[in-house]
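Q: File name model-v8.txt; file contents compact mmCIF, C-alpha atoms; full text below.
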# COMPACT_ATOMS: atom_id res chain seq x y z
CA MET A 1287 24.54 107.41 119.84
CA ILE A 1288 27.55 109.27 118.40
CA TYR A 1289 29.79 110.47 121.22
CA LEU A 1290 31.04 114.07 120.97
CA ASP A 1291 32.21 114.62 124.55
CA HIS A 1292 35.79 113.36 124.57
CA HIS A 1293 37.00 116.28 126.71
CA ALA A 1294 34.80 114.97 129.53
CA THR A 1295 36.13 111.42 129.26
CA THR A 1296 37.30 108.99 126.61
CA PRO A 1297 36.42 105.32 126.07
CA PRO A 1298 39.10 102.92 127.32
CA SER A 1299 40.81 100.98 124.58
CA ARG A 1300 40.81 97.19 124.40
CA ALA A 1301 44.54 97.13 125.24
CA VAL A 1302 43.83 99.14 128.39
CA MET A 1303 41.10 96.75 129.53
CA GLU A 1304 43.32 93.76 128.80
CA ALA A 1305 46.21 95.26 130.77
CA MET A 1306 43.95 95.90 133.74
CA THR A 1307 42.45 92.41 133.59
CA THR A 1308 45.91 90.84 133.45
CA VAL A 1309 46.96 92.66 136.60
CA MET A 1310 43.74 91.90 138.47
CA SER A 1311 44.03 88.21 137.67
CA GLY A 1312 47.77 87.72 137.95
CA THR A 1313 49.54 90.40 140.00
CA TRP A 1314 46.81 91.56 142.36
CA ALA A 1315 48.95 91.45 145.50
CA ASN A 1316 50.05 94.54 147.44
CA ALA A 1317 53.24 95.95 145.91
CA SER A 1318 54.50 96.84 149.41
CA SER A 1319 54.41 93.21 150.58
CA GLN A 1320 57.69 91.35 150.91
CA HIS A 1321 56.45 87.90 149.85
CA ALA A 1322 56.73 86.61 146.28
CA PRO A 1323 53.26 87.72 145.09
CA GLY A 1324 53.92 91.17 146.51
CA GLN A 1325 57.28 91.38 144.79
CA ALA A 1326 55.66 90.38 141.49
CA ALA A 1327 53.21 93.26 141.94
CA LYS A 1328 56.13 95.56 142.78
CA ARG A 1329 57.84 94.62 139.51
CA ALA A 1330 54.61 95.24 137.58
CA LEU A 1331 54.33 98.65 139.23
CA ALA A 1332 57.94 99.47 138.32
CA ASP A 1333 57.34 98.38 134.71
CA ALA A 1334 54.27 100.60 134.43
CA ARG A 1335 56.16 103.53 135.96
CA ALA A 1336 59.00 103.06 133.48
CA THR A 1337 56.52 103.07 130.58
CA VAL A 1338 54.84 106.25 131.82
CA ALA A 1339 58.24 107.94 132.27
CA ARG A 1340 59.46 106.90 128.83
CA VAL A 1341 56.38 108.19 127.01
CA LEU A 1342 56.18 111.45 128.97
CA GLY A 1343 59.88 112.32 128.85
CA CYS A 1344 60.69 112.12 132.55
CA LYS A 1345 62.54 109.86 134.96
CA PRO A 1346 60.67 107.04 136.74
CA ALA A 1347 61.50 108.67 140.07
CA GLU A 1348 59.67 111.81 138.90
CA VAL A 1349 56.32 109.99 138.52
CA ILE A 1350 53.91 110.15 141.46
CA PHE A 1351 50.78 108.09 140.85
CA THR A 1352 47.53 109.66 142.06
CA SER A 1353 43.79 109.08 141.74
CA GLY A 1354 43.64 111.60 138.90
CA ALA A 1355 44.43 115.17 137.95
CA THR A 1356 42.33 116.74 140.72
CA GLU A 1357 44.39 115.04 143.40
CA ALA A 1358 47.58 115.78 141.48
CA ASN A 1359 46.65 119.46 141.31
CA HIS A 1360 46.03 119.61 145.06
CA LEU A 1361 49.26 117.76 145.78
CA ALA A 1362 51.23 120.12 143.56
CA VAL A 1363 49.87 123.41 144.88
CA ARG A 1364 49.43 122.48 148.54
CA GLY A 1365 52.58 120.38 148.63
CA LEU A 1366 54.84 122.93 146.96
CA LEU A 1367 53.38 125.77 149.05
CA ALA A 1368 54.09 123.87 152.27
CA ALA A 1369 57.67 123.14 151.23
CA VAL A 1370 58.86 126.65 150.29
CA PRO A 1371 60.42 129.21 152.68
CA ALA A 1372 58.03 131.24 154.82
CA GLY A 1373 58.69 134.44 152.86
CA ARG A 1374 57.01 133.00 149.78
CA ARG A 1375 53.30 132.59 150.46
CA ARG A 1376 51.42 133.99 147.47
CA VAL A 1377 49.90 131.56 144.93
CA VAL A 1378 49.04 132.65 141.40
CA PHE A 1379 46.46 130.82 139.28
CA SER A 1380 45.25 131.58 135.79
CA ALA A 1381 41.68 132.87 135.68
CA VAL A 1382 40.67 130.03 133.34
CA GLU A 1383 41.72 127.02 135.38
CA HIS A 1384 39.45 123.99 135.53
CA ALA A 1385 36.46 124.70 137.79
CA GLY A 1386 37.70 122.19 140.36
CA HIS A 1387 41.08 123.88 140.54
CA LEU A 1388 39.49 127.30 140.99
CA LYS A 1389 37.72 125.83 144.03
CA LEU A 1390 41.15 125.05 145.47
CA ALA A 1391 42.16 128.67 144.85
CA ARG A 1392 39.12 129.90 146.76
CA GLU A 1393 39.81 127.46 149.61
CA LEU A 1394 43.38 128.73 149.93
CA ALA A 1395 42.20 132.34 149.91
CA SER A 1396 39.60 131.63 152.61
CA ALA A 1397 42.39 130.08 154.71
CA GLY A 1398 44.41 133.29 154.51
CA VAL A 1399 46.77 132.41 151.66
CA PRO A 1400 47.31 135.40 149.32
CA VAL A 1401 45.92 134.37 145.92
CA ASP A 1402 46.06 136.22 142.60
CA PHE A 1403 44.65 135.36 139.18
CA LEU A 1404 46.32 135.84 135.82
CA PRO A 1405 43.77 137.44 133.48
CA VAL A 1406 43.12 136.36 129.91
CA ARG A 1407 42.38 138.39 126.81
CA PRO A 1408 38.97 138.30 125.13
CA ASP A 1409 40.30 135.57 122.81
CA GLY A 1410 41.11 133.35 125.80
CA ARG A 1411 44.89 133.67 125.67
CA LEU A 1412 46.82 134.54 128.82
CA ASP A 1413 47.77 138.18 129.37
CA LEU A 1414 51.56 137.86 129.57
CA GLY A 1415 52.01 141.49 130.60
CA ALA A 1416 49.87 140.87 133.66
CA ALA A 1417 51.74 137.64 134.31
CA ALA A 1418 55.06 139.47 134.33
CA SER A 1419 53.76 141.94 136.91
CA LEU A 1420 52.12 139.34 139.17
CA ILE A 1421 54.93 136.74 139.29
CA GLY A 1422 57.39 138.10 141.86
CA PRO A 1423 59.72 137.08 144.68
CA ASP A 1424 56.91 136.61 147.22
CA VAL A 1425 55.18 133.97 145.07
CA ALA A 1426 55.42 130.33 146.12
CA VAL A 1427 53.62 128.64 143.23
CA VAL A 1428 52.23 129.59 139.84
CA SER A 1429 49.56 127.15 138.66
CA LEU A 1430 48.67 127.26 134.97
CA ILE A 1431 46.35 125.17 132.84
CA ALA A 1432 48.15 124.15 129.65
CA ALA A 1433 45.06 123.84 127.45
CA GLN A 1434 41.73 125.23 128.63
CA ASN A 1435 39.29 122.36 129.00
CA GLU A 1436 36.29 124.16 127.46
CA THR A 1437 37.64 126.53 124.80
CA GLY A 1438 40.70 124.37 124.06
CA VAL A 1439 42.86 127.52 123.97
CA LEU A 1440 46.56 126.79 124.50
CA MET A 1441 48.40 128.77 127.15
CA PRO A 1442 51.97 130.11 126.71
CA VAL A 1443 53.59 127.58 129.04
CA ALA A 1444 57.17 128.30 127.90
CA GLN A 1445 56.84 132.05 128.48
CA VAL A 1446 55.29 131.60 131.92
CA ALA A 1447 58.00 129.06 132.78
CA ALA A 1448 60.63 131.67 131.90
CA LEU A 1449 58.92 134.27 134.12
CA ALA A 1450 58.68 131.78 136.98
CA ALA A 1451 62.32 130.74 136.63
CA ALA A 1452 63.48 134.37 136.64
CA ALA A 1453 61.60 134.96 139.89
CA GLY A 1454 62.68 131.67 141.46
CA VAL A 1455 59.06 130.50 141.60
CA HIS A 1456 57.73 126.96 141.32
CA LEU A 1457 55.56 126.38 138.25
CA HIS A 1458 52.80 123.77 138.25
CA VAL A 1459 51.06 123.00 134.95
CA ASP A 1460 47.74 121.20 134.63
CA ALA A 1461 48.24 119.24 131.39
CA THR A 1462 45.08 117.16 131.77
CA GLN A 1463 43.70 118.09 128.34
CA TRP A 1464 47.12 118.36 126.65
CA VAL A 1465 48.64 114.93 127.23
CA GLY A 1466 47.54 112.55 124.48
CA LYS A 1467 46.34 115.33 122.19
CA LEU A 1468 49.57 117.21 121.50
CA PRO A 1469 53.28 116.33 121.80
CA PHE A 1470 54.49 116.42 125.40
CA ASP A 1471 57.94 116.08 126.93
CA PHE A 1472 58.31 116.86 130.63
CA ALA A 1473 62.03 117.47 130.37
CA GLU A 1474 61.44 120.26 127.85
CA TRP A 1475 58.54 122.06 129.51
CA GLY A 1476 60.42 123.93 132.23
CA ALA A 1477 57.74 123.19 134.85
CA ASP A 1478 58.47 121.82 138.30
CA ALA A 1479 55.25 119.82 138.39
CA VAL A 1480 52.74 118.63 135.78
CA SER A 1481 49.34 116.97 136.38
CA LEU A 1482 47.59 114.49 134.12
CA SER A 1483 44.65 112.08 134.17
CA ALA A 1484 44.43 108.77 132.31
CA HIS A 1485 40.77 108.92 131.32
CA LYS A 1486 41.46 111.88 129.03
CA PHE A 1487 43.61 109.71 126.72
CA ASN A 1488 41.59 106.48 126.59
CA GLY A 1489 42.85 105.14 129.88
CA PRO A 1490 40.80 104.22 132.97
CA LYS A 1491 39.13 106.64 135.36
CA GLY A 1492 40.47 107.02 138.88
CA VAL A 1493 44.16 107.20 138.06
CA GLY A 1494 46.56 109.95 137.07
CA ALA A 1495 49.96 111.28 137.96
CA LEU A 1496 51.92 114.26 139.15
CA LEU A 1497 55.26 114.57 137.42
CA LEU A 1498 57.60 116.26 139.89
CA ARG A 1499 61.01 117.46 138.79
CA GLN A 1500 63.78 115.62 140.62
CA GLY A 1501 65.17 117.66 143.50
CA VAL A 1502 62.00 119.73 144.01
CA GLY A 1503 60.70 119.39 147.55
CA ILE A 1504 57.05 118.67 148.24
CA CYS A 1505 55.00 117.92 151.35
CA PRO A 1506 52.46 115.10 150.95
CA VAL A 1507 48.78 115.87 151.25
CA VAL A 1508 48.19 112.23 152.23
CA PRO A 1509 51.22 110.98 154.21
CA GLY A 1510 52.40 107.42 153.72
CA SER A 1511 55.37 105.36 152.67
CA GLN A 1512 54.21 104.80 149.10
CA GLU A 1513 55.41 106.83 146.09
CA ARG A 1514 58.67 107.68 147.86
CA HIS A 1515 56.73 109.11 150.82
CA ARG A 1516 55.09 111.70 148.58
CA ARG A 1517 51.60 110.16 148.32
CA GLY A 1518 50.33 107.64 150.80
CA GLY A 1519 47.93 104.81 150.03
CA THR A 1520 48.24 101.43 148.33
CA GLU A 1521 48.87 101.99 144.62
CA ASN A 1522 45.96 101.19 142.29
CA LEU A 1523 48.04 98.82 140.21
CA PRO A 1524 45.33 97.71 137.72
CA ALA A 1525 44.49 101.32 136.87
CA ILE A 1526 48.17 102.28 136.73
CA ALA A 1527 48.81 99.42 134.29
CA GLY A 1528 45.85 100.65 132.24
CA MET A 1529 47.26 104.17 132.14
CA ALA A 1530 50.65 102.86 131.01
CA ALA A 1531 48.95 100.83 128.26
CA ALA A 1532 47.02 103.91 127.09
CA LEU A 1533 50.18 106.01 126.93
CA SER A 1534 52.08 103.31 125.07
CA GLN A 1535 49.36 103.34 122.39
CA LEU A 1536 49.52 107.07 121.62
CA GLY A 1537 51.74 106.58 118.57
CA ASP A 1538 52.18 109.57 116.25
CA VAL A 1539 50.47 112.32 118.25
CA ASN A 1540 51.09 114.93 115.53
CA ALA A 1541 49.36 112.82 112.90
CA GLU A 1542 46.36 112.22 115.14
CA ALA A 1543 46.18 115.92 116.00
CA ALA A 1544 46.14 116.78 112.30
CA ARG A 1545 43.36 114.24 111.69
CA GLN A 1546 41.20 115.62 114.49
CA SER A 1547 41.87 119.22 113.42
CA ALA A 1548 40.65 118.42 109.91
CA LEU A 1549 37.49 116.79 111.26
CA ARG A 1550 36.86 119.71 113.62
CA ASP A 1551 37.34 122.27 110.86
CA ARG A 1552 34.87 120.37 108.69
CA VAL A 1553 32.31 120.42 111.49
CA GLU A 1554 32.80 124.14 112.04
CA ARG A 1555 32.42 124.97 108.35
CA ALA A 1556 29.20 122.95 108.27
CA LEU A 1557 27.95 124.64 111.43
CA SER A 1558 28.53 128.08 109.94
CA ALA A 1559 26.73 127.09 106.74
CA ALA A 1560 23.71 125.44 108.38
CA LEU A 1561 23.44 127.72 111.42
CA PRO A 1562 24.50 131.26 110.47
CA GLU A 1563 24.02 132.44 114.07
CA VAL A 1564 26.88 130.25 115.30
CA HIS A 1565 29.69 131.90 117.27
CA LEU A 1566 32.93 130.05 118.07
CA TRP A 1567 35.21 130.87 120.99
CA GLY A 1568 38.96 130.30 120.69
CA ALA A 1569 38.92 129.72 116.93
CA GLU A 1570 41.29 132.61 116.20
CA VAL A 1571 44.13 131.45 118.49
CA PRO A 1572 46.06 128.18 118.91
CA ARG A 1573 43.81 125.54 120.48
CA LEU A 1574 43.44 121.81 120.92
CA PRO A 1575 42.75 119.88 117.72
CA GLY A 1576 39.37 118.29 118.42
CA VAL A 1577 37.26 120.84 120.27
CA SER A 1578 34.67 123.46 119.28
CA PHE A 1579 33.17 125.67 121.99
CA LEU A 1580 30.25 127.63 120.60
CA ARG A 1581 26.82 129.09 120.87
CA VAL A 1582 24.07 129.24 118.26
CA GLY A 1583 22.41 132.61 118.59
CA CYS A 1584 20.96 132.71 122.09
CA TRP A 1585 19.41 129.27 122.15
CA PRO A 1586 20.06 127.95 125.67
CA ALA A 1587 22.61 125.17 125.89
CA ASP A 1588 20.11 122.66 127.25
CA VAL A 1589 17.81 123.24 124.25
CA LEU A 1590 20.61 122.63 121.76
CA LEU A 1591 21.86 119.58 123.60
CA GLN A 1592 18.40 118.03 123.85
CA ARG A 1593 17.87 118.49 120.12
CA LEU A 1594 21.30 117.05 119.36
CA GLU A 1595 20.59 114.02 121.52
CA ARG A 1596 17.25 113.55 119.78
CA LEU A 1597 19.24 113.34 116.54
CA GLY A 1598 21.68 110.81 118.06
CA PHE A 1599 24.60 112.95 119.28
CA ALA A 1600 25.98 113.25 122.83
CA ALA A 1601 27.64 116.56 123.68
CA SER A 1602 27.89 118.81 126.74
CA PRO A 1603 27.61 122.45 127.80
CA GLY A 1604 31.25 122.42 128.91
CA ALA A 1605 33.21 120.88 131.76
CA ALA A 1606 31.46 117.74 133.02
CA CYS A 1607 31.94 118.68 136.67
CA SER A 1608 30.08 121.98 136.18
CA SER A 1609 27.65 121.16 133.39
CA SER A 1610 24.36 121.75 135.20
CA GLY A 1611 23.79 124.83 133.07
CA SER A 1612 22.82 126.92 136.13
CA ALA A 1613 25.97 129.04 136.02
CA PRO A 1614 27.93 130.41 133.07
CA SER A 1615 31.30 129.00 132.08
CA GLN A 1616 34.01 130.47 134.30
CA ALA A 1617 36.38 130.53 131.34
CA LEU A 1618 33.95 132.59 129.26
CA THR A 1619 33.29 134.89 132.20
CA ALA A 1620 37.05 135.50 132.50
CA MET A 1621 37.09 136.31 128.76
CA GLY A 1622 34.46 139.00 129.31
CA VAL A 1623 31.56 137.11 127.69
CA PRO A 1624 28.17 138.26 129.06
CA GLY A 1625 26.43 135.73 131.27
CA ASP A 1626 23.41 135.25 129.03
CA GLU A 1627 25.65 134.39 126.08
CA ALA A 1628 27.87 132.11 128.19
CA LEU A 1629 24.81 130.12 129.26
CA CYS A 1630 24.26 129.26 125.59
CA ALA A 1631 27.67 127.60 125.24
CA ILE A 1632 28.03 123.96 124.19
CA ARG A 1633 31.17 121.94 123.62
CA LEU A 1634 31.68 119.44 120.81
CA SER A 1635 34.85 117.47 121.46
CA LEU A 1636 36.26 114.78 119.19
CA GLY A 1637 38.71 112.04 120.08
CA ARG A 1638 40.81 109.17 118.82
CA THR A 1639 37.77 106.98 118.26
CA THR A 1640 35.84 109.67 116.32
CA SER A 1641 35.52 108.54 112.71
CA SER A 1642 34.99 110.43 109.47
CA ALA A 1643 31.65 108.62 109.14
CA GLU A 1644 30.52 110.05 112.48
CA VAL A 1645 31.45 113.54 111.37
CA ASP A 1646 29.59 112.92 108.10
CA ALA A 1647 26.51 112.04 110.14
CA LEU A 1648 26.79 115.22 112.22
CA VAL A 1649 27.22 117.41 109.15
CA ALA A 1650 24.20 115.77 107.51
CA ALA A 1651 22.10 116.33 110.66
CA LEU A 1652 22.80 120.05 111.04
CA PRO A 1653 20.02 121.26 108.70
CA THR A 1654 17.57 119.10 110.64
CA LEU A 1655 18.89 120.53 113.90
CA ARG A 1656 18.13 124.02 112.60
CA SER A 1657 14.53 123.05 111.88
CA LEU A 1658 14.11 121.62 115.39
CA LEU A 1659 15.14 124.80 117.19
CA PRO A 1660 12.31 126.96 118.53
CA ALA A 1661 11.81 130.48 117.21
CA GLY A 1662 12.86 133.55 119.15
CA HIS A 1663 16.53 132.99 119.97
CA ALA A 1664 18.22 133.42 116.60
CA GLN A 1665 20.17 136.56 117.47
CA ALA A 1666 22.66 137.11 120.22
CA ALA A 1667 21.73 139.55 122.95
Would you encode the structure as structure tokens?

A:
Amino acid sequence: MIYLDHHATTPPSRAVMEAMTTVMSGTWANASSQHAPGQAAKRALADARATVARVLGCKPAEVIFTSGATEANHLAVRGLLAAVPAGRRRVVFSAVEHAGHLKLARELASAGVPVDFLPVRPDGRLDLGAAASLIGPDVAVVSLIAAQNETGVLMPVAQVAALAAAAGVHLHVDATQWVGKLPFDFAEWGADAVSLSAHKFNGPKGVGALLLRQGVGICPVVPGSQERHRRGGTENLPAIAGMAAALSQLGDVNAEAARQSALRDRVERALSAALPEVHLWGAEVPRLPGVSFLRVGCWPADVLLQRLERLGFAASPGAACSSSGSAPSQALTAMGVPGDEALCAIRLSLGRTTSSAEVDALVAALPTLRSLLPAGHAQAA
């Protein structure tokens, strides 16, 4: 089976598995313990934190280890909101946040927190004019996805950071899909907090981080003495070591992005040639290098995906956490795409382990895919 769902999760590298095994066999003690094994674990934790900070362009003290980006997102928004003066209560999200983060927005709204959403244009890019009008002195936190997880469209983080700074507003950025795919430097982003998750860049599941700018106050969602009293709970040292190993292996991110972009463009040219009814979202604006979000006429997503799997390819209808196919993509809905068309969307996402030979196989299979599709859905509604 050829794996084309790297935006959902990525396979852990051998170096990651070795790093985790080393910790589990050698420094498995609790890093908060005062005895020698505990202190060895504490040093291993500090080494991993230093590696994460070095690769991501931040200070070790700015790294808060979490169970992943979802927890980091909650910690950022809830924690920053709880720490700001009472006069700032409004929270602003983009309309194309990850589905899990939009659930947080709805929870806050149901609890009486004023919530607004930054709209996007039909091409998926953020409406900066609307952002300028919505980000004001009563806002506590602006939460913005850096790269949309389905379309891959890149958001104007620098411009939103400037708007937030001018209004004295905290900016949180969800960089879950960005880190590992494009160059990233926390010190240059202008955000107060940035979320990431290791399994999106060939690290283990169940670990991530919130990068919090030094001097920015935050209230913990889970109180405890760990992580400088900002996130309670014994640190998952094996997973943290695996994340550090994955980050240390990133190498030349620009070169890898160019490689994946070339493979993606080849796939999209072949799709357009073999399946003339194909429609791509986000292709006309800056986007992540390895993703294609598309429909083929009005063939339902589950039909396309079943036929692809029959031919030996694993893909998805979009975000893994909301891929049942019973509801249209929230990102496409925000872009104004009709629901029946959005239900036809599938996502092909490449990664570091995707080879040219695998793309060759996909390109060769596309004419066969066309012949396997049932009649009656060739044209969009």

Q: Point out the residue among A:Gly1476, A:Pro1408, A:Gly1501, A:Gly1598 with the least atom-to-atom distance to Glu1644 of chain A, counting all atoms listed in the file.

A: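 Between A:Gly1476, A:Pro1408, A:Gly1501, A:Gly1598, the residue approaching Glu1644 of chain A most closely is A:Gly1598.
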
Q: Any idea what's packed within 12 Å of Ala1444 of chain A, counting only C-alpha atoms, ignoring anything in its chain fewer than 5 positions away? Could you give it as a PyMOL selection string?

A: chain A and resi 1414+1430+1432+1449-1451+1457+1459+1472+1474-1477

Q: Need the shell around Val1399 of chain A: protein/DNA/RNA residues with any atom at most 12 Å away, counting all atoms listed in the file. Skip same-chain ones fewer than 4 positions apart. Format as a ChimeraX atom specification?

A: /A:1363-1364,1367-1368,1372,1374-1378,1390-1395,1424-1427

Q: Show me, as a PyMOL selection string, the residues that have an atom within 12 Å of Asp1538 of chain A when counting only C-alpha atoms, minus same-chain residues fewer than 5 positions from it.

A: chain A and resi 1341+1466-1470+1533+1543-1545+1638

Q: So which one's closest to Ala1650 of chain A, A:Arg1633, A:Gly1622, A:Phe1579, A:Ala1559? Using all atoms listed in the file, please.

A: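 Going through A:Arg1633, A:Gly1622, A:Phe1579, A:Ala1559 one by one, the smallest distance to Ala1650 of chain A is for A:Ala1559.
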
Q: If we count only C-alpha atoms, what is near segment 1484-1487 of chain A at a cut-off of 8 Å, once residues fewer than 5 positions away on the same chain are taken out, given as a PyMOL selection string?

A: chain A and resi 1292-1298+1354+1462-1463+1465-1467+1492-1494+1529+1532-1533

Q: Can you tell me which residues surround Asn1522 of chain A at a distance of at most 10 Å, considering only C-alpha atoms, apart from same-chain residues fewer than 5 positions away, and format the answer as JSON, numbers by chain?

A: {"A": [1314, 1316, 1317, 1331, 1351, 1352, 1353, 1492, 1493, 1527]}

Q: From the set A:Gln1434, A:Ser1657, A:Ser1483, A:Ser1511, which residue has the shortest atom-to-atom contact distance to Gln1616 of chain A, counting all atoms listed in the file?

A: A:Gln1434

Q: Quote the spacing between atom CA of Val1370 of chain A and atom CA of Met1441 of chain A in Å to one decimal place.

A: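 Computing the Euclidean distance for atom CA of Val1370 of chain A and atom CA of Met1441 of chain A yields 25.5 Å.
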
Q: Determine the nearest neighbour of Arg1555 of chain A from the options A:Leu1652, A:Leu1420, A:Leu1388, A:Leu1618, counting only C-alpha atoms.

A: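 Using only C-alpha atoms, Arg1555 of chain A sits closest to A:Leu1652.
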
Q: Can you sort out the box for segment 1344-1352 of chain A, edges along x, y and z, all listed atoms in, 6 Å on every side, with centre and edge lengths in Å to one decimal, as AutoDock Vina command-line options?

A:
--center_x 55.0 --center_y 109.6 --center_z 137.3 --size_x 27.0 --size_y 17.1 --size_z 21.5

Q: Between atom CA of Ile1632 of chain A and atom CA of Val1582 of chain A, what distance in Å does the model show, to one decimal?

A: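 Going from atom CA of Ile1632 of chain A over to atom CA of Val1582 of chain A covers 8.9 Å.
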
Q: Determine the nearest neighbour of Ala1381 of chain A from the options A:Ala1628, A:Met1621, A:Val1508, A:Ala1461, counting only C-alpha atoms.

A: A:Met1621

Q: Which distance in Å separates atom CA of Pro1490 of chain A and atom CA of Ser1602 of chain A, to one decimal?

A: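 Here the two named atoms are 20.5 Å from each other.
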
Q: Using all atoms listed in the file, find the one residue out of A:Thr1654, A:Ser1558, A:Ser1429, A:Thr1437 that sits nearest to Pro1575 of chain A.

A: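 Counting all atoms listed in the file, the residue closest to Pro1575 of chain A is A:Thr1437.
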